[in-house]
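Here the structure is laid out as structure tokens; the discussion comes afterwards.
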Protein chains: 2
Amino acid sequence: MSAATPRYRAFPALRPGDPVTVVAPASPFDRASFEAGLEVIGRRYRAHYDPGLLTRHRYLAGSDARRLDELRRGLADTGSRALFCARGGYGMMRLLAGLEDTTLAAKPVVGFSDIVALHQLLQRRGLVSIHGPVLTQLGRLDASAATRLFELLESTAPAAALTGTETYVEGTAEGPLLGGNLAVLTRLLGTPYLAPLEGAVLLLEDVGERPYRLDRMWTHLALAGVFRQVRGIVLGEFIGCEEKSADFSSAEVLRELAADTGLPCAAGFPLGHGERNEAVPLGTRVRLDAGSRRLTFLESAAR
Amino acid sequence: MSAATPRYRAFPALRPGDPVTVVAPASPFDRASFEAGLEVIGRRYRAHYDPGLLTRHRYLAGSDARRLDELRRGLADTGSRALFCARGGYGMMRLLAGLEDTTLAAKPVVGFSDIVALHQLLQRRGLVSIHGPVLTQLGRLDASAATRLFELLESTAPAAALTGTETYVEGTAEGPLLGGNLAVLTRLLGTPYLAPLEGAVLLLEDVGERPYRLDRMWTHLALAGVFRQVRGIVLGEFIGCEEKSADFSSAEVLRELAADTGLPCAAGFPLGHGERNEAVPLGTRVRLDAGSRRLTFLESAAR
């Protein structure tokens with residue numbers, strides 16, 4: 001890792017019984033998924049939330065003012081040890097400008113998909129955060145998803161390695177793991193809200209994007225110079241990204257796009273919008289061995 | 001208009017019978033639409049094309065190499081007086097890096113949607129170009145679409161004013177008309193390939209984007225600072241952008257987003273992916289009177 005690559009600060013390890021906060025900065029959700037997820041979290045920690053998070057305004061979990069206020073309080077509150085996001089969807093980026101002066105207590109934020117816009121704030125401030133299940137997912141994922149998540153939050157040892165299913169470009173890369181949802185990341189290109197990607201191992205996943213749209217988003221990253229900055233690419237799952245009655249797959253398209261970068265790249269890691277969403281720590285150093293499709297975690301997320 | 005706002009050079013006026021070129025830098029299309037459009041153009045000009053443009057590679061009208069070679073030759077050829085794009089779709093942005101050193105003969109490029117990525121190259125070089133129907137659209141649009149297009153290409157008088165259907169934010173603005181498809185424009189944010197928007201009257205239209213996606217793209221423009229640069233907003237049609245069984249419309253979402261900018265904004269101008277696609281000259285000075293929903297053209301596209 002070059003001297004220029006920033007280091008990210010681990011968060012204080014959680015302990016069972018710790019108070020944690022649930023927030024909903026993006027899209028609304030149904031109460032049943034919320035309560036199912038709350039029960040999973042509640043078995044391990046004491047979860048608090050503002051009942052206002054169950055409101056709905058169009059495709060948002062309440063107004064920008066409500067979500068921003070809830071999020072600012074959640075991020076600053078030193079009495080809570082972690083912030084769990086209820087759902088992704090859309091809406092987090094609408095709050096980014098309102099978070100520039102916000103205080104961040106030393107605690108992890110947990111979420112993925114639209115929540116990747118929030119992770120950028122944490123990484124811009126030099127902090128590790130957790131790319132992992134949103135609360136409303138926890139009730140339907142295998143119990144091992146929560147087990148891995150809790151371990152990441154509580155252990156001062158690096159997370160267990162993950163294995164993908166395909167090698168797209170052979171090679172190895174080492175650097176902080178950054179990124180997440182392709183659509184959300186690319187929607188921050190050209191703004192001040194994307195964390196610097198220099199030296200990173202870039203994580204990408206997405207859902208419900210047709211192949212030409214994956215191509216367009218990937219090409220956006222390319223034209224913005226991102227593939228000259230990062231060292232390797234880890235692809236999670238791309239769910240519901242096939243074109244009806246096409247004679248090509250989204251995997252073929254992604255494999256070609258990856259080859260064009262020349263960067264080590266392996267695909268099919270068990271995270272994203274599918275049946276599994278293994279938690280991974282953003283900002284910690286990882287080693288990608290694309291040939292053996294193996295992602296090794298070199299640092300703990302918690303301290 | 002401030003001294004800092006660039007001026008764009010008009011192209012030499014076409015005359016009936018002039019040689020023109022058809023290119024396909026983006027997605028493939030069916031032969032029937034192509035021939036129908038060719039017939040419309042052929043009644044006015046002598047249209048040439050490379051039969052290779054009828055090839056198909058996934059969602060592209062042939063390989064990048066084919067499309068790039070065709071486009072470079074078409075842009076440089078001084079024997080042809082205009083370049084008509086066969087279709088939009090997706091693929092133009094894949095060619096942008098290969099066009100940086102390309103020679104541009106003095107001639108208009110005609111197209112919209114994905115072709116807006118090509119218009120950026122023209123406007124970056126200080127040239128006027130035509131946001132108007134792609135060739136494969138011409139056979140199904142009302143004949144008046146071609147009439148207006150030919151007039152723009154041939155007349156040294158400013159185009160006839162256009163009228164929208166809704167005032168979103170009252171006020172007037174004057175500046176060069178720039179922009180086009182919202183998705184395509186926002187996919188160039190943070191890259192060197194977007195033409196500067198400072199002082200512009202910004203044109204936006206789109207097709208097949210759910211309201212939250214319109215919000216996301218618009219918010220991308222906002223976070224990238226575009227609404228601090230432009231002076232007014234002209235909205236064309238937003239076709240197929242409604243959410244199934246939603247209690248809100250895409251128009252409501254756009255109206256709120258426009259209000260947040262505080263910029264003069266009128267909507268429902270007859271251009272985009274709908275039944276009408278009136279040609280407008282990008283780069284020429286226009287005056288938007290949002291209160292009367294009127295867009296006046298102050299300069300001719302041709303000289």
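Residue numbers start at 1 in each chain; chains themselves are named A, B, ... in the order of the structure tokens; ligands are numbered from 1 in the order shown.
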Using only C-alpha atoms, select each residue of chain A with any atom at most 12 Å away from an atom of chain B, and give the selection as a count of residues only.
-> 60
Got a sec to align chain A on chain B by every in-order Cα pair and hand back the fitted coordinates as a short mmCIF file (atom, residue, chain, number, x, y, z; two decimals) with C-alpha atoms, in the first residue's frame?
```
data_model
loop_
_atom_site.label_atom_id
_atom_site.label_comp_id
_atom_site.auth_asym_id
_atom_site.auth_seq_id
_atom_site.Cartn_x
_atom_site.Cartn_y
_atom_site.Cartn_z
CA MET A 1 -25.04 36.80 -21.09
CA SER A 2 -21.81 37.20 -19.12
CA ALA A 3 -18.51 37.54 -20.90
CA ALA A 4 -17.51 34.13 -19.50
CA THR A 5 -20.28 32.28 -21.33
CA PRO A 6 -18.85 30.73 -24.47
CA ARG A 7 -20.32 31.42 -27.89
CA TYR A 8 -20.95 28.53 -30.23
CA ARG A 9 -20.26 28.58 -33.95
CA ALA A 10 -23.13 28.08 -36.40
CA PHE A 11 -22.66 25.52 -39.19
CA PRO A 12 -22.80 26.26 -42.94
CA ALA A 13 -26.43 26.16 -44.06
CA LEU A 14 -27.46 23.08 -46.01
CA ARG A 15 -29.21 23.21 -49.37
CA PRO A 16 -31.63 20.69 -50.84
CA GLY A 17 -29.70 18.03 -52.70
CA ASP A 18 -26.64 18.29 -50.46
CA PRO A 19 -24.81 15.08 -49.62
CA VAL A 20 -25.32 13.95 -46.00
CA THR A 21 -24.13 10.95 -43.98
CA VAL A 22 -26.00 8.55 -41.72
CA VAL A 23 -24.09 6.91 -38.84
CA ALA A 24 -25.05 4.49 -36.06
CA PRO A 25 -22.79 5.10 -33.05
CA ALA A 26 -25.14 3.63 -30.43
CA SER A 27 -27.80 0.87 -30.42
CA PRO A 28 -29.03 -1.31 -33.31
CA PHE A 29 -32.42 -0.89 -34.99
CA ASP A 30 -34.68 -2.66 -37.44
CA ARG A 31 -34.23 -2.19 -41.14
CA ALA A 32 -37.83 -1.03 -41.72
CA SER A 33 -37.48 2.02 -39.41
CA PHE A 34 -34.12 2.73 -40.97
CA GLU A 35 -35.49 2.67 -44.50
CA ALA A 36 -38.53 4.72 -43.55
CA GLY A 37 -36.28 7.41 -42.08
CA LEU A 38 -33.90 7.23 -45.01
CA GLU A 39 -36.79 7.91 -47.35
CA VAL A 40 -37.74 11.07 -45.41
CA ILE A 41 -34.16 12.35 -45.49
CA GLY A 42 -33.73 11.17 -49.07
CA ARG A 43 -36.54 13.43 -50.28
CA ARG A 44 -34.42 16.43 -49.30
CA TYR A 45 -30.75 15.39 -49.38
CA ARG A 46 -28.52 12.72 -50.90
CA ALA A 47 -27.96 10.38 -47.97
CA HIS A 48 -24.94 8.08 -47.79
CA TYR A 49 -24.19 5.40 -45.26
CA ASP A 50 -21.96 2.42 -44.68
CA PRO A 51 -24.03 -0.80 -44.81
CA GLY A 52 -22.06 -1.95 -41.75
CA LEU A 53 -24.38 0.21 -39.63
CA LEU A 54 -26.99 -2.51 -39.91
CA THR A 55 -24.84 -4.92 -37.87
CA ARG A 56 -25.69 -5.78 -34.30
CA HIS A 57 -23.54 -6.73 -31.34
CA ARG A 58 -25.71 -7.22 -28.25
CA TYR A 59 -27.22 -3.76 -27.58
CA LEU A 60 -24.79 -2.04 -29.96
CA ALA A 61 -24.87 -1.32 -33.70
CA GLY A 62 -21.70 -3.31 -34.20
CA SER A 63 -18.40 -3.30 -32.36
CA ASP A 64 -16.87 -0.19 -30.81
CA ALA A 65 -14.22 -0.31 -33.55
CA ARG A 66 -16.84 -0.29 -36.32
CA ARG A 67 -18.90 2.50 -34.79
CA LEU A 68 -15.88 4.61 -33.91
CA ASP A 69 -14.37 4.29 -37.37
CA GLU A 70 -17.67 5.16 -39.04
CA LEU A 71 -18.21 8.13 -36.75
CA ARG A 72 -14.68 9.53 -37.11
CA ARG A 73 -14.92 9.32 -40.88
CA GLY A 74 -18.39 10.88 -40.84
CA LEU A 75 -17.31 13.76 -38.63
CA ALA A 76 -14.20 14.53 -40.66
CA ASP A 77 -15.61 14.09 -44.19
CA THR A 78 -15.78 17.53 -45.83
CA GLY A 79 -17.75 16.05 -48.74
CA SER A 80 -20.81 15.51 -46.57
CA ARG A 81 -22.77 18.48 -45.17
CA ALA A 82 -24.52 16.94 -42.17
CA LEU A 83 -24.38 13.85 -39.97
CA PHE A 84 -27.66 12.12 -39.13
CA CYS A 85 -27.62 9.58 -36.32
CA ALA A 86 -29.67 6.47 -37.01
CA ARG A 87 -30.70 5.77 -33.41
CA GLY A 88 -29.83 6.51 -29.79
CA GLY A 89 -30.28 3.76 -27.20
CA TYR A 90 -26.86 3.20 -25.69
CA GLY A 91 -23.29 3.07 -26.84
CA MET A 92 -22.16 6.58 -27.74
CA MET A 93 -20.31 7.13 -24.48
CA ARG A 94 -18.19 4.05 -25.14
CA LEU A 95 -16.68 5.96 -28.09
CA LEU A 96 -15.95 9.29 -26.41
CA ALA A 97 -12.36 8.59 -25.39
CA GLY A 98 -11.61 7.60 -28.99
CA LEU A 99 -12.86 10.92 -30.38
CA GLU A 100 -10.60 13.32 -28.49
CA ASP A 101 -8.22 13.83 -31.42
CA THR A 102 -10.84 13.60 -34.15
CA THR A 103 -11.20 16.19 -36.87
CA LEU A 104 -14.56 17.92 -37.13
CA ALA A 105 -15.59 19.23 -40.51
CA ALA A 106 -17.96 22.23 -40.31
CA LYS A 107 -21.31 20.43 -40.30
CA PRO A 108 -24.23 19.76 -37.98
CA VAL A 109 -24.78 16.51 -36.10
CA VAL A 110 -28.45 15.57 -35.70
CA GLY A 111 -29.79 13.31 -32.96
CA PHE A 112 -30.94 13.12 -29.36
CA SER A 113 -31.15 10.73 -26.41
CA ASP A 114 -27.91 8.72 -26.36
CA ILE A 115 -26.57 11.04 -29.09
CA VAL A 116 -26.45 13.78 -26.44
CA ALA A 117 -23.09 12.25 -25.46
CA LEU A 118 -21.87 13.14 -28.97
CA HIS A 119 -23.34 16.65 -28.80
CA GLN A 120 -21.07 17.22 -25.79
CA LEU A 121 -18.04 16.77 -28.05
CA LEU A 122 -19.41 19.36 -30.48
CA GLN A 123 -20.20 21.85 -27.73
CA ARG A 124 -16.82 21.27 -26.09
CA ARG A 125 -15.32 22.32 -29.44
CA GLY A 126 -17.57 25.40 -29.47
CA LEU A 127 -19.96 24.19 -32.16
CA VAL A 128 -23.72 24.32 -32.58
CA SER A 129 -25.46 20.98 -33.18
CA ILE A 130 -29.04 19.80 -33.54
CA HIS A 131 -31.03 18.10 -30.79
CA GLY A 132 -33.65 16.49 -32.97
CA PRO A 133 -35.11 13.27 -34.29
CA VAL A 134 -32.88 10.29 -34.99
CA LEU A 135 -33.30 8.85 -38.45
CA THR A 136 -35.24 5.76 -37.36
CA GLN A 137 -37.84 8.05 -35.74
CA LEU A 138 -38.55 10.10 -38.83
CA GLY A 139 -40.80 7.57 -40.52
CA ARG A 140 -43.27 7.53 -37.63
CA LEU A 141 -43.22 11.19 -36.54
CA ASP A 142 -45.56 13.71 -38.11
CA ALA A 143 -44.13 15.18 -41.31
CA SER A 144 -43.81 18.55 -39.55
CA ALA A 145 -40.90 17.13 -37.53
CA ALA A 146 -38.80 16.76 -40.67
CA THR A 147 -39.98 20.14 -41.96
CA ARG A 148 -38.74 21.88 -38.82
CA LEU A 149 -35.50 19.91 -38.89
CA PHE A 150 -34.77 20.82 -42.52
CA GLU A 151 -35.55 24.47 -41.78
CA LEU A 152 -33.09 24.47 -38.88
CA LEU A 153 -30.45 22.97 -41.15
CA GLU A 154 -31.04 25.37 -44.02
CA SER A 155 -32.26 28.68 -42.64
CA THR A 156 -30.11 31.51 -41.39
CA ALA A 157 -33.06 32.84 -39.38
CA PRO A 158 -33.66 31.68 -35.80
CA ALA A 159 -36.03 28.72 -35.36
CA ALA A 160 -39.70 29.29 -34.54
CA ALA A 161 -40.42 29.54 -30.80
CA LEU A 162 -41.72 26.51 -28.91
CA THR A 163 -44.34 26.45 -26.17
CA GLY A 164 -44.48 24.14 -23.17
CA THR A 165 -47.50 23.06 -21.15
CA GLU A 166 -46.59 23.87 -17.52
CA THR A 167 -44.80 26.55 -15.54
CA TYR A 168 -42.83 24.96 -12.70
CA VAL A 169 -40.94 28.07 -11.56
CA GLU A 170 -41.73 31.58 -12.87
CA GLY A 171 -39.00 33.75 -14.31
CA THR A 172 -36.93 34.33 -17.41
CA ALA A 173 -33.48 33.17 -18.42
CA GLU A 174 -31.23 33.72 -21.38
CA GLY A 175 -28.19 31.75 -22.49
CA PRO A 176 -27.04 29.01 -24.85
CA LEU A 177 -29.37 26.01 -24.93
CA LEU A 178 -27.41 22.95 -23.77
CA GLY A 179 -28.18 19.46 -22.54
CA GLY A 180 -30.74 16.85 -23.52
CA ASN A 181 -31.38 13.40 -22.14
CA LEU A 182 -31.15 13.43 -18.34
CA ALA A 183 -29.72 9.92 -18.03
CA VAL A 184 -27.06 10.47 -20.69
CA LEU A 185 -26.00 13.87 -19.34
CA THR A 186 -25.69 12.65 -15.77
CA ARG A 187 -23.62 9.67 -16.94
CA LEU A 188 -20.93 12.18 -17.97
CA LEU A 189 -20.75 14.04 -14.64
CA GLY A 190 -17.26 13.75 -13.18
CA THR A 191 -15.74 12.92 -16.59
CA PRO A 192 -13.89 15.23 -19.01
CA TYR A 193 -16.58 14.66 -21.66
CA LEU A 194 -19.42 16.89 -20.50
CA ALA A 195 -19.53 20.35 -22.11
CA PRO A 196 -19.36 23.24 -19.60
CA LEU A 197 -22.88 24.26 -18.53
CA GLU A 198 -22.04 27.66 -17.05
CA GLY A 199 -24.61 30.26 -18.07
CA ALA A 200 -26.73 27.78 -20.04
CA VAL A 201 -30.44 27.23 -20.35
CA LEU A 202 -30.54 23.52 -19.57
CA LEU A 203 -32.69 21.16 -21.65
CA LEU A 204 -33.78 17.87 -20.04
CA GLU A 205 -36.01 14.99 -21.19
CA ASP A 206 -36.16 11.26 -20.54
CA VAL A 207 -37.95 8.00 -21.15
CA GLY A 208 -38.71 4.90 -19.10
CA GLU A 209 -37.28 6.11 -15.81
CA ARG A 210 -39.26 5.56 -12.62
CA PRO A 211 -39.88 8.70 -10.51
CA TYR A 212 -37.25 7.79 -7.90
CA ARG A 213 -34.74 7.42 -10.71
CA LEU A 214 -35.64 10.84 -12.10
CA ASP A 215 -35.16 12.16 -8.56
CA ARG A 216 -31.80 10.38 -8.29
CA MET A 217 -30.53 11.74 -11.60
CA TRP A 218 -31.77 15.25 -10.86
CA THR A 219 -30.19 15.08 -7.39
CA HIS A 220 -26.96 13.97 -9.07
CA LEU A 221 -27.03 17.18 -11.15
CA ALA A 222 -27.75 19.14 -7.97
CA LEU A 223 -24.92 17.58 -5.94
CA ALA A 224 -22.55 18.14 -8.87
CA GLY A 225 -23.35 21.86 -8.72
CA VAL A 226 -25.08 22.08 -12.11
CA PHE A 227 -28.01 24.14 -10.80
CA ARG A 228 -25.58 26.75 -9.50
CA GLN A 229 -24.19 27.03 -13.04
CA VAL A 230 -27.22 27.13 -15.31
CA ARG A 231 -29.77 29.94 -15.54
CA GLY A 232 -32.98 28.19 -16.43
CA ILE A 233 -34.45 24.77 -17.15
CA VAL A 234 -36.50 23.63 -20.16
CA LEU A 235 -38.19 20.27 -19.69
CA GLY A 236 -39.19 18.22 -22.72
CA GLU A 237 -41.38 15.19 -22.37
CA PHE A 238 -40.86 12.46 -19.77
CA ILE A 239 -42.41 9.41 -21.39
CA GLY A 240 -43.13 6.17 -19.55
CA CYS A 241 -41.87 7.60 -16.29
CA GLU A 242 -44.90 6.79 -14.11
CA GLU A 243 -44.80 4.34 -11.20
CA LYS A 244 -47.42 1.60 -11.38
CA SER A 245 -50.21 2.13 -8.81
CA ALA A 246 -48.43 5.11 -7.21
CA ASP A 247 -50.41 7.98 -5.71
CA PHE A 248 -48.01 10.51 -7.23
CA SER A 249 -46.88 11.39 -10.75
CA SER A 250 -43.42 11.94 -12.19
CA ALA A 251 -44.56 15.51 -12.97
CA GLU A 252 -45.16 16.17 -9.26
CA VAL A 253 -41.67 14.90 -8.47
CA LEU A 254 -40.06 16.99 -11.22
CA ARG A 255 -42.02 20.08 -10.21
CA GLU A 256 -40.71 19.82 -6.64
CA LEU A 257 -37.16 19.19 -7.78
CA ALA A 258 -37.37 22.21 -10.09
CA ALA A 259 -38.73 24.36 -7.26
CA ASP A 260 -35.73 23.38 -5.11
CA THR A 261 -33.38 24.86 -7.71
CA GLY A 262 -35.16 28.23 -7.67
CA LEU A 263 -34.41 28.55 -11.39
CA PRO A 264 -36.97 29.57 -14.01
CA CYS A 265 -38.42 26.29 -15.30
CA ALA A 266 -41.17 25.34 -17.71
CA ALA A 267 -42.16 21.81 -18.70
CA GLY A 268 -43.93 19.90 -21.44
CA PHE A 269 -42.02 21.22 -24.43
CA PRO A 270 -42.79 19.05 -27.48
CA LEU A 271 -39.55 17.15 -27.71
CA GLY A 272 -38.08 13.89 -26.51
CA HIS A 273 -39.30 10.30 -26.81
CA GLY A 274 -42.99 11.00 -27.41
CA GLU A 275 -45.18 11.68 -30.43
CA ARG A 276 -43.32 14.89 -31.23
CA ASN A 277 -39.65 15.64 -31.23
CA GLU A 278 -39.20 19.21 -32.45
CA ALA A 279 -35.60 19.91 -33.43
CA VAL A 280 -33.77 22.59 -31.42
CA PRO A 281 -30.25 23.96 -31.92
CA LEU A 282 -27.86 23.24 -29.04
CA GLY A 283 -25.40 26.04 -28.39
CA THR A 284 -27.50 28.86 -29.81
CA ARG A 285 -28.77 31.58 -27.48
CA VAL A 286 -32.35 31.18 -26.33
CA ARG A 287 -34.69 33.02 -24.04
CA LEU A 288 -36.94 31.06 -21.70
CA ASP A 289 -39.99 32.83 -20.32
CA ALA A 290 -41.16 30.21 -17.85
CA GLY A 291 -44.32 32.11 -16.90
CA SER A 292 -45.62 32.03 -20.46
CA ARG A 293 -43.96 28.63 -21.08
CA ARG A 294 -42.23 30.04 -24.12
CA LEU A 295 -38.80 29.22 -25.51
CA THR A 296 -37.57 31.77 -28.05
CA PHE A 297 -34.56 31.19 -30.28
CA LEU A 298 -32.35 34.26 -30.58
CA GLU A 299 -29.78 32.98 -33.07
CA SER A 300 -29.83 30.78 -36.14
CA ALA A 301 -28.15 27.37 -36.07
CA ALA A 302 -26.91 27.75 -39.65
CA ARG A 303 -24.83 30.53 -41.14
#
```
What are the DSSP alpha helix (DSSP H) residues of stretch 133-200 of chain B, as a PyMOL selection string?
-> chain B and resi 135-138+143-154+182-186
File of the preceding selection, all heavy atoms, as a compact mmCIF listing (two decimals), in the first residue's frame:
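Writing done, so here's part20.txt:
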```txt
# COMPACT_ATOMS: atom_id res chain seq x y z
N LEU B 135 -32.76 9.27 -37.15
CA LEU B 135 -33.30 8.86 -38.45
C LEU B 135 -34.42 7.82 -38.35
O LEU B 135 -35.44 7.92 -39.04
CB LEU B 135 -32.15 8.29 -39.30
CG LEU B 135 -32.56 7.91 -40.72
CD1 LEU B 135 -32.11 8.96 -41.70
CD2 LEU B 135 -32.04 6.53 -41.10
N THR B 136 -34.23 6.83 -37.45
CA THR B 136 -35.23 5.76 -37.36
C THR B 136 -36.55 6.22 -36.75
O THR B 136 -37.53 5.47 -36.73
CB THR B 136 -34.69 4.58 -36.52
OG1 THR B 136 -34.17 5.09 -35.29
CG2 THR B 136 -33.58 3.85 -37.27
N GLN B 137 -36.61 7.46 -36.27
CA GLN B 137 -37.84 8.05 -35.74
C GLN B 137 -38.63 8.74 -36.84
O GLN B 137 -39.85 8.93 -36.71
CB GLN B 137 -37.45 9.13 -34.73
CG GLN B 137 -37.91 8.98 -33.32
CD GLN B 137 -37.60 10.26 -32.53
OE1 GLN B 137 -36.76 11.08 -32.92
NE2 GLN B 137 -38.28 10.42 -31.42
N LEU B 138 -37.94 9.18 -37.87
CA LEU B 138 -38.56 10.10 -38.83
C LEU B 138 -39.73 9.51 -39.58
O LEU B 138 -40.68 10.22 -39.94
CB LEU B 138 -37.50 10.64 -39.81
CG LEU B 138 -36.61 11.74 -39.24
CD1 LEU B 138 -35.46 12.04 -40.19
CD2 LEU B 138 -37.43 13.01 -38.97
N ALA B 143 -45.01 14.60 -40.30
CA ALA B 143 -44.12 15.19 -41.32
C ALA B 143 -43.57 16.55 -40.89
O ALA B 143 -42.49 16.96 -41.33
CB ALA B 143 -44.88 15.32 -42.64
N SER B 144 -44.29 17.23 -40.00
CA SER B 144 -43.83 18.56 -39.56
C SER B 144 -42.50 18.47 -38.82
O SER B 144 -41.75 19.45 -38.76
CB SER B 144 -44.88 19.21 -38.67
OG SER B 144 -45.02 18.47 -37.47
N ALA B 145 -42.17 17.29 -38.23
CA ALA B 145 -40.89 17.14 -37.52
C ALA B 145 -39.73 17.30 -38.50
O ALA B 145 -38.76 17.99 -38.20
CB ALA B 145 -40.83 15.77 -36.85
N ALA B 146 -39.86 16.66 -39.67
CA ALA B 146 -38.80 16.77 -40.67
C ALA B 146 -38.75 18.18 -41.25
O ALA B 146 -37.68 18.73 -41.49
CB ALA B 146 -39.02 15.75 -41.79
N THR B 147 -39.91 18.78 -41.42
CA THR B 147 -39.97 20.15 -41.96
C THR B 147 -39.19 21.11 -41.06
O THR B 147 -38.36 21.90 -41.52
CB THR B 147 -41.43 20.61 -42.08
OG1 THR B 147 -42.13 19.64 -42.86
CG2 THR B 147 -41.53 21.98 -42.74
N ARG B 148 -39.46 21.01 -39.76
CA ARG B 148 -38.75 21.89 -38.81
C ARG B 148 -37.25 21.60 -38.81
O ARG B 148 -36.42 22.51 -38.79
CB ARG B 148 -39.32 21.73 -37.40
CG ARG B 148 -38.62 22.67 -36.40
CD ARG B 148 -39.16 22.51 -34.99
NE ARG B 148 -38.34 23.26 -34.05
CZ ARG B 148 -38.63 24.48 -33.59
NH1 ARG B 148 -39.73 25.09 -33.96
NH2 ARG B 148 -37.81 25.08 -32.74
N LEU B 149 -36.91 20.32 -38.86
CA LEU B 149 -35.50 19.92 -38.88
C LEU B 149 -34.79 20.50 -40.10
O LEU B 149 -33.71 21.10 -40.00
CB LEU B 149 -35.40 18.39 -38.85
CG LEU B 149 -34.00 17.80 -39.03
CD1 LEU B 149 -33.04 18.27 -37.94
CD2 LEU B 149 -34.07 16.26 -39.02
N PHE B 150 -35.39 20.34 -41.28
CA PHE B 150 -34.76 20.84 -42.51
C PHE B 150 -34.62 22.36 -42.46
O PHE B 150 -33.62 22.92 -42.92
CB PHE B 150 -35.57 20.42 -43.74
CG PHE B 150 -35.66 18.91 -43.92
CD1 PHE B 150 -36.72 18.34 -44.65
CD2 PHE B 150 -34.70 18.06 -43.39
CE1 PHE B 150 -36.80 16.96 -44.82
CE2 PHE B 150 -34.78 16.67 -43.55
CZ PHE B 150 -35.83 16.13 -44.26
N GLU B 151 -35.61 23.03 -41.89
CA GLU B 151 -35.55 24.47 -41.77
C GLU B 151 -34.38 24.90 -40.88
O GLU B 151 -33.65 25.85 -41.21
CB GLU B 151 -36.87 24.99 -41.20
CG GLU B 151 -37.21 26.38 -41.67
CD GLU B 151 -38.68 26.68 -41.44
OE1 GLU B 151 -39.53 26.04 -42.12
OE2 GLU B 151 -38.99 27.51 -40.56
N LEU B 152 -34.21 24.18 -39.77
CA LEU B 152 -33.09 24.48 -38.88
C LEU B 152 -31.76 24.30 -39.60
O LEU B 152 -30.80 25.04 -39.36
CB LEU B 152 -33.10 23.51 -37.69
CG LEU B 152 -33.71 23.98 -36.39
CD1 LEU B 152 -33.55 22.91 -35.33
CD2 LEU B 152 -33.04 25.26 -35.92
N LEU B 153 -31.69 23.28 -40.44
CA LEU B 153 -30.44 22.97 -41.13
C LEU B 153 -30.15 23.97 -42.25
O LEU B 153 -28.99 24.18 -42.61
CB LEU B 153 -30.49 21.55 -41.72
CG LEU B 153 -30.52 20.41 -40.70
CD1 LEU B 153 -30.79 19.08 -41.39
CD2 LEU B 153 -29.20 20.35 -39.92
N GLU B 154 -31.19 24.58 -42.80
CA GLU B 154 -31.03 25.38 -44.01
C GLU B 154 -31.20 26.88 -43.82
O GLU B 154 -30.71 27.68 -44.63
CB GLU B 154 -32.03 24.90 -45.08
CG GLU B 154 -31.79 23.45 -45.47
CD GLU B 154 -32.87 22.90 -46.41
OE1 GLU B 154 -33.60 23.71 -47.03
OE2 GLU B 154 -33.00 21.67 -46.50
N LEU B 182 -31.60 13.35 -19.74
CA LEU B 182 -31.15 13.44 -18.34
C LEU B 182 -30.21 12.30 -17.98
O LEU B 182 -29.17 12.51 -17.36
CB LEU B 182 -32.39 13.43 -17.44
CG LEU B 182 -32.19 13.41 -15.93
CD1 LEU B 182 -31.39 14.59 -15.44
CD2 LEU B 182 -33.56 13.36 -15.21
N ALA B 183 -30.55 11.08 -18.37
CA ALA B 183 -29.72 9.92 -18.03
C ALA B 183 -28.34 10.04 -18.68
O ALA B 183 -27.32 9.80 -18.05
CB ALA B 183 -30.40 8.62 -18.46
N VAL B 184 -28.33 10.41 -19.95
CA VAL B 184 -27.07 10.47 -20.69
C VAL B 184 -26.17 11.58 -20.15
O VAL B 184 -24.98 11.39 -19.93
CB VAL B 184 -27.34 10.64 -22.20
CG1 VAL B 184 -26.05 10.88 -22.96
CG2 VAL B 184 -28.08 9.41 -22.72
N LEU B 185 -26.76 12.74 -19.90
CA LEU B 185 -25.99 13.87 -19.35
C LEU B 185 -25.38 13.52 -18.01
O LEU B 185 -24.20 13.78 -17.76
CB LEU B 185 -26.91 15.07 -19.12
CG LEU B 185 -27.19 16.01 -20.25
CD1 LEU B 185 -28.09 17.12 -19.74
CD2 LEU B 185 -25.91 16.59 -20.83
N THR B 186 -26.20 12.93 -17.12
CA THR B 186 -25.69 12.65 -15.78
C THR B 186 -24.64 11.56 -15.79
O THR B 186 -23.81 11.48 -14.88
CB THR B 186 -26.83 12.29 -14.80
OG1 THR B 186 -27.59 11.21 -15.35
CG2 THR B 186 -27.73 13.48 -14.56
```
Where does DSSP see strand (DSSP E or B) in stretch 94-130 of chain B, if you list the residues as JSON, numbers by chain?
-> {"B": [109, 110, 111, 127, 129, 130]}
Just to be explicit: take each residue in the selection above, keep C-alpha atoms, and write the result as a compact mmCIF listing (two decimals), in the first residue's frame.
```txt
# COMPACT_ATOMS: atom_id res chain seq x y z
CA VAL B 109 -24.77 16.51 -36.10
CA VAL B 110 -28.45 15.56 -35.71
CA GLY B 111 -29.80 13.30 -32.97
CA LEU B 127 -19.96 24.19 -32.16
CA SER B 129 -25.47 20.98 -33.19
CA ILE B 130 -29.04 19.80 -33.54
```
